[in-house]
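Visitor: Sharing a structure below in C-alpha cells format, with a few things to ask.
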Amino acid sequence: MLLPGGGASAAPSLSEAEKQLDSLGVKMDRVNEQMNSAKVQLKRVQAQQAGLNRQLAASQAKLDASQAEVGKIAAAAYRDGGMRLSSSLLNNGSPTNYLDQLAAVEWLSAQQRDTIKQAKAYQAKYDDTKKRVDLQVRSAERLKKQLDSQQKLIKKDRDKWEQIRRTAYAKKYGSAPATVTYNGQASGNAATVVQFAMAQQGEPYVFGGSGPGSWDCSGLTMMAWKQVGVSLPHSSRQQYNSIRHVSRGDLQPGDIVFFYSDLHHSAIYIGNNQVVHAPTEGQSVQVESVNNMPYAGAGRP
C-alpha cells in the first residue's frame with residue numbers, strides 16, 4: 001500500500017492512522033470554526049456596505065443640491081472670471097479636486113464658499129466611509145478564500161489516510177453511536193435546550209450545518225438555544241464571547257461547554273459530566289464525557 005506521501009514501504013499501523021486522522025479532524029474542526037467566524041464577519045460588513053448605500057441614497061438629494069449650486073458657481077467662474085473648469089471632472093474625475101480648484105476662485109462670496117465647503121464635506125464623508133467598509137469587505141472575503149483553501153488541503157490529506165484506515169474507520173465510525181436517553185433533572189429553558197440537542201443524536205456532522213438533519217458543533221448549540229428564543233452567532237468563539245461565563249464547578253444542563261485553547265469546539269452540557277455535540281467530519285451527533293476533550297470554558301446564554 002502506498003503511504004500518503006507516495007513512498008512504497010510498509011503501511012502505517014492502525015494506531016498511527018487513527019492518530020493522524022484524529023489530528024486532522026481537530027485541524028479541520030478548527031478551520032471550520034474559523035470559517036464560520038469569517039462568514040459572520042463577512043455578513044456583518046456586507047450589511048454595513050448595504051447600509052452605506054442606503055445612507056448615500058438618503059443624502060443624495062443634499063449632495064445633488066450642493067453640486068447643482070457648485071455648477072452655477074462654476075458657470076459663473078467661467079463666464080465672469082474666464083476660468084476654464086470642465087464640469088465632467090465632477091462626474092468622471094475627482095470631485096474633491098474639482099471643488100478644491102473652484103474654491104480657489106478669489107471673487108466667490110461667503111455663501112458660495114459655504115456651498116462648496118458643504119459639497120466637499122458630503123463627498124469626503126462618503127469617500128472615507130466607503131473606503132473603510134470596502135476594505136473590511138475585501139479583507140473578510142480574502143480570509144474566507146484562504147480558509148477555503150485550507151479546508152481543501154486538510155480534506156485531501158484526510159482522504160489519503162482514510163484509505164489506509166478504511167476498515168478500522170468503518171468499524172469505529174461507520175454506524176451511528178448508540179442513542180442515549182436523557183433522564184436528567186433539567187427544567188424550563190434548559191430542558192428544552194437539552195432535549196432538542198439530544199434529539200439530534202445520530203445525525204451527521206456537516207461543516208456549516210445548522211439543521212435539520214446535519215450539524216457542525218456551533219450550529220447545534222446555536223439552534224438548541226434558538227428553541228427558547230436566544231440568538232447566538234454560528235461560531236464557537238463568538239458564542240463564548242457573547243454569553244455569561246460560568247465555572248466548571250457550576251455547570252448546569254443546557255450550558256455551552258467550549259473545548260481547545262482557541263475555543264474552536266462547543267457542546268451542550270447535559271449533566272453527569274457529559275455533553276452532547278457534533279464532533280467532526282465522519283462522525284455524528286453523540287454524547288460523551290467532558291473529559292474526552294481539552295476543556296477550555298463554559299457559558300450560560
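In the C-alpha cells, chains take the letters A, B, ... in the order shown, each chain's residues start at 1, and ligands count up from 1 in the order shown.
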Using only C-alpha atoms, I'd like a table of the residues in region 132-159 of chain A that come within 7 Å of region 32-43 of chain A; for each, show the closest atom pair and its distance in Å rounded to one decimal, ordered by chain and ascending number, as CSV.
Guide:
residue,atom,partner,partner_atom,distance
A:Val137,CA,A:Leu42,CA,6.3
A:Ala140,CA,A:Leu42,CA,5.2
A:Glu141,CA,A:Leu42,CA,6.7
A:Leu143,CA,A:Ala38,CA,6.8
A:Lys144,CA,A:Ala38,CA,5.9
A:Leu147,CA,A:Met35,CA,6.1
Visitor: Take the residues just selected and output them with N, CA, C and O atoms as a PDB file, in the first residue's frame.
Guide:
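Saved result, selection.pdb, follows:
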ATOM      1  N   VAL A 137     -14.679  44.555   3.702  1.00  0.00           N
ATOM      2  CA  VAL A 137     -15.297  43.509   2.880  1.00  0.00           C
ATOM      3  C   VAL A 137     -14.221  42.706   2.158  1.00  0.00           C
ATOM      4  O   VAL A 137     -14.243  41.473   2.138  1.00  0.00           O
ATOM      5  N   ALA A 140     -12.408  40.420   4.642  1.00  0.00           N
ATOM      6  CA  ALA A 140     -13.223  39.265   5.024  1.00  0.00           C
ATOM      7  C   ALA A 140     -13.309  38.255   3.891  1.00  0.00           C
ATOM      8  O   ALA A 140     -13.242  37.040   4.109  1.00  0.00           O
ATOM      9  N   GLU A 141     -13.444  38.733   2.665  1.00  0.00           N
ATOM     10  CA  GLU A 141     -13.500  37.838   1.509  1.00  0.00           C
ATOM     11  C   GLU A 141     -12.173  37.110   1.311  1.00  0.00           C
ATOM     12  O   GLU A 141     -12.148  35.920   0.979  1.00  0.00           O
ATOM     13  N   LEU A 143      -9.941  36.394   3.709  1.00  0.00           N
ATOM     14  CA  LEU A 143      -9.810  35.404   4.767  1.00  0.00           C
ATOM     15  C   LEU A 143     -10.652  34.171   4.455  1.00  0.00           C
ATOM     16  O   LEU A 143     -10.196  33.032   4.633  1.00  0.00           O
ATOM     17  N   LYS A 144     -11.866  34.383   3.993  1.00  0.00           N
ATOM     18  CA  LYS A 144     -12.747  33.270   3.638  1.00  0.00           C
ATOM     19  C   LYS A 144     -12.112  32.406   2.546  1.00  0.00           C
ATOM     20  O   LYS A 144     -12.165  31.173   2.599  1.00  0.00           O
ATOM     21  N   LEU A 147      -9.230  30.341   4.069  1.00  0.00           N
ATOM     22  CA  LEU A 147      -9.732  29.233   4.879  1.00  0.00           C
ATOM     23  C   LEU A 147     -10.316  28.132   4.001  1.00  0.00           C
ATOM     24  O   LEU A 147     -10.181  26.945   4.312  1.00  0.00           O
TER      25      LEU A 147
END
Visitor: Determine, counting only C-alpha atoms, which protein, DNA and RNA residues have an atom within 7 Å of an atom of region 151-158 of chain A; residues of the same chain fewer than 6 positions away are not included. Present the result as a PyMOL selection string.
Guide: chain A and resi 21+24+28+31
Visitor: Write the residues of the preceding selection, restricted to C-alpha atoms, as a PDB file, in the first residue's frame.
Guide:
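New file part-v2.pdb:
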ATOM      1  CA  LEU A  21      -6.980  11.136  11.326  1.00  0.00           C
ATOM      2  CA  LEU A  24      -6.513  16.119  11.048  1.00  0.00           C
ATOM      3  CA  MET A  28     -10.432  20.625  10.233  1.00  0.00           C
ATOM      4  CA  VAL A  31     -10.565  25.705  10.390  1.00  0.00           C
TER       5      VAL A  31
END
Visitor: Rank A:Gln46, A:Gln283, A:Ser236, A:Gln146 by their smallest atom-to-atom distance to Tyr205 (chain A), using only C-alpha atoms, and report the top residue only.
Guide: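 For Tyr205 (chain A), the nearest of the candidates is A:Gln283.
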Visitor: Quick check, in Å to one decimal: how far apart do CA of Lys130 (chain A) and CA of Arg44 (chain A) lie?
Guide: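 Spanning CA of Lys130 (chain A) to CA of Arg44 (chain A) is a straight-line distance of 14.8 Å.
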Visitor: Give me the residues near Tyr269 (chain A) as a PDB file with N, CA, C and O atoms, in the first residue's frame, where near means some atom within 6 Å (using only C-alpha atoms) and where sequence neighbours in that chain fewer than 4 positions away do not count.
Guide:
ATOM      1  N   PRO A 253     -27.146  21.712  33.252  1.00  0.00           N
ATOM      2  CA  PRO A 253     -27.654  21.267  31.953  1.00  0.00           C
ATOM      3  C   PRO A 253     -28.105  22.449  31.105  1.00  0.00           C
ATOM      4  O   PRO A 253     -28.741  23.378  31.613  1.00  0.00           O
ATOM      5  N   GLY A 254     -27.736  22.411  29.831  1.00  0.00           N
ATOM      6  CA  GLY A 254     -28.063  23.500  28.910  1.00  0.00           C
ATOM      7  C   GLY A 254     -26.916  24.458  28.695  1.00  0.00           C
ATOM      8  O   GLY A 254     -26.893  25.186  27.694  1.00  0.00           O
ATOM      9  N   ASP A 255     -25.951  24.485  29.627  1.00  0.00           N
ATOM     10  CA  ASP A 255     -24.789  25.363  29.449  1.00  0.00           C
ATOM     11  C   ASP A 255     -24.006  24.934  28.203  1.00  0.00           C
ATOM     12  O   ASP A 255     -24.022  23.757  27.819  1.00  0.00           O
ATOM     13  N   VAL A 275     -21.577  15.739  27.732  1.00  0.00           N
ATOM     14  CA  VAL A 275     -22.070  16.727  26.777  1.00  0.00           C
ATOM     15  C   VAL A 275     -22.623  15.997  25.561  1.00  0.00           C
ATOM     16  O   VAL A 275     -22.281  14.838  25.300  1.00  0.00           O
TER      17      VAL A 275
END
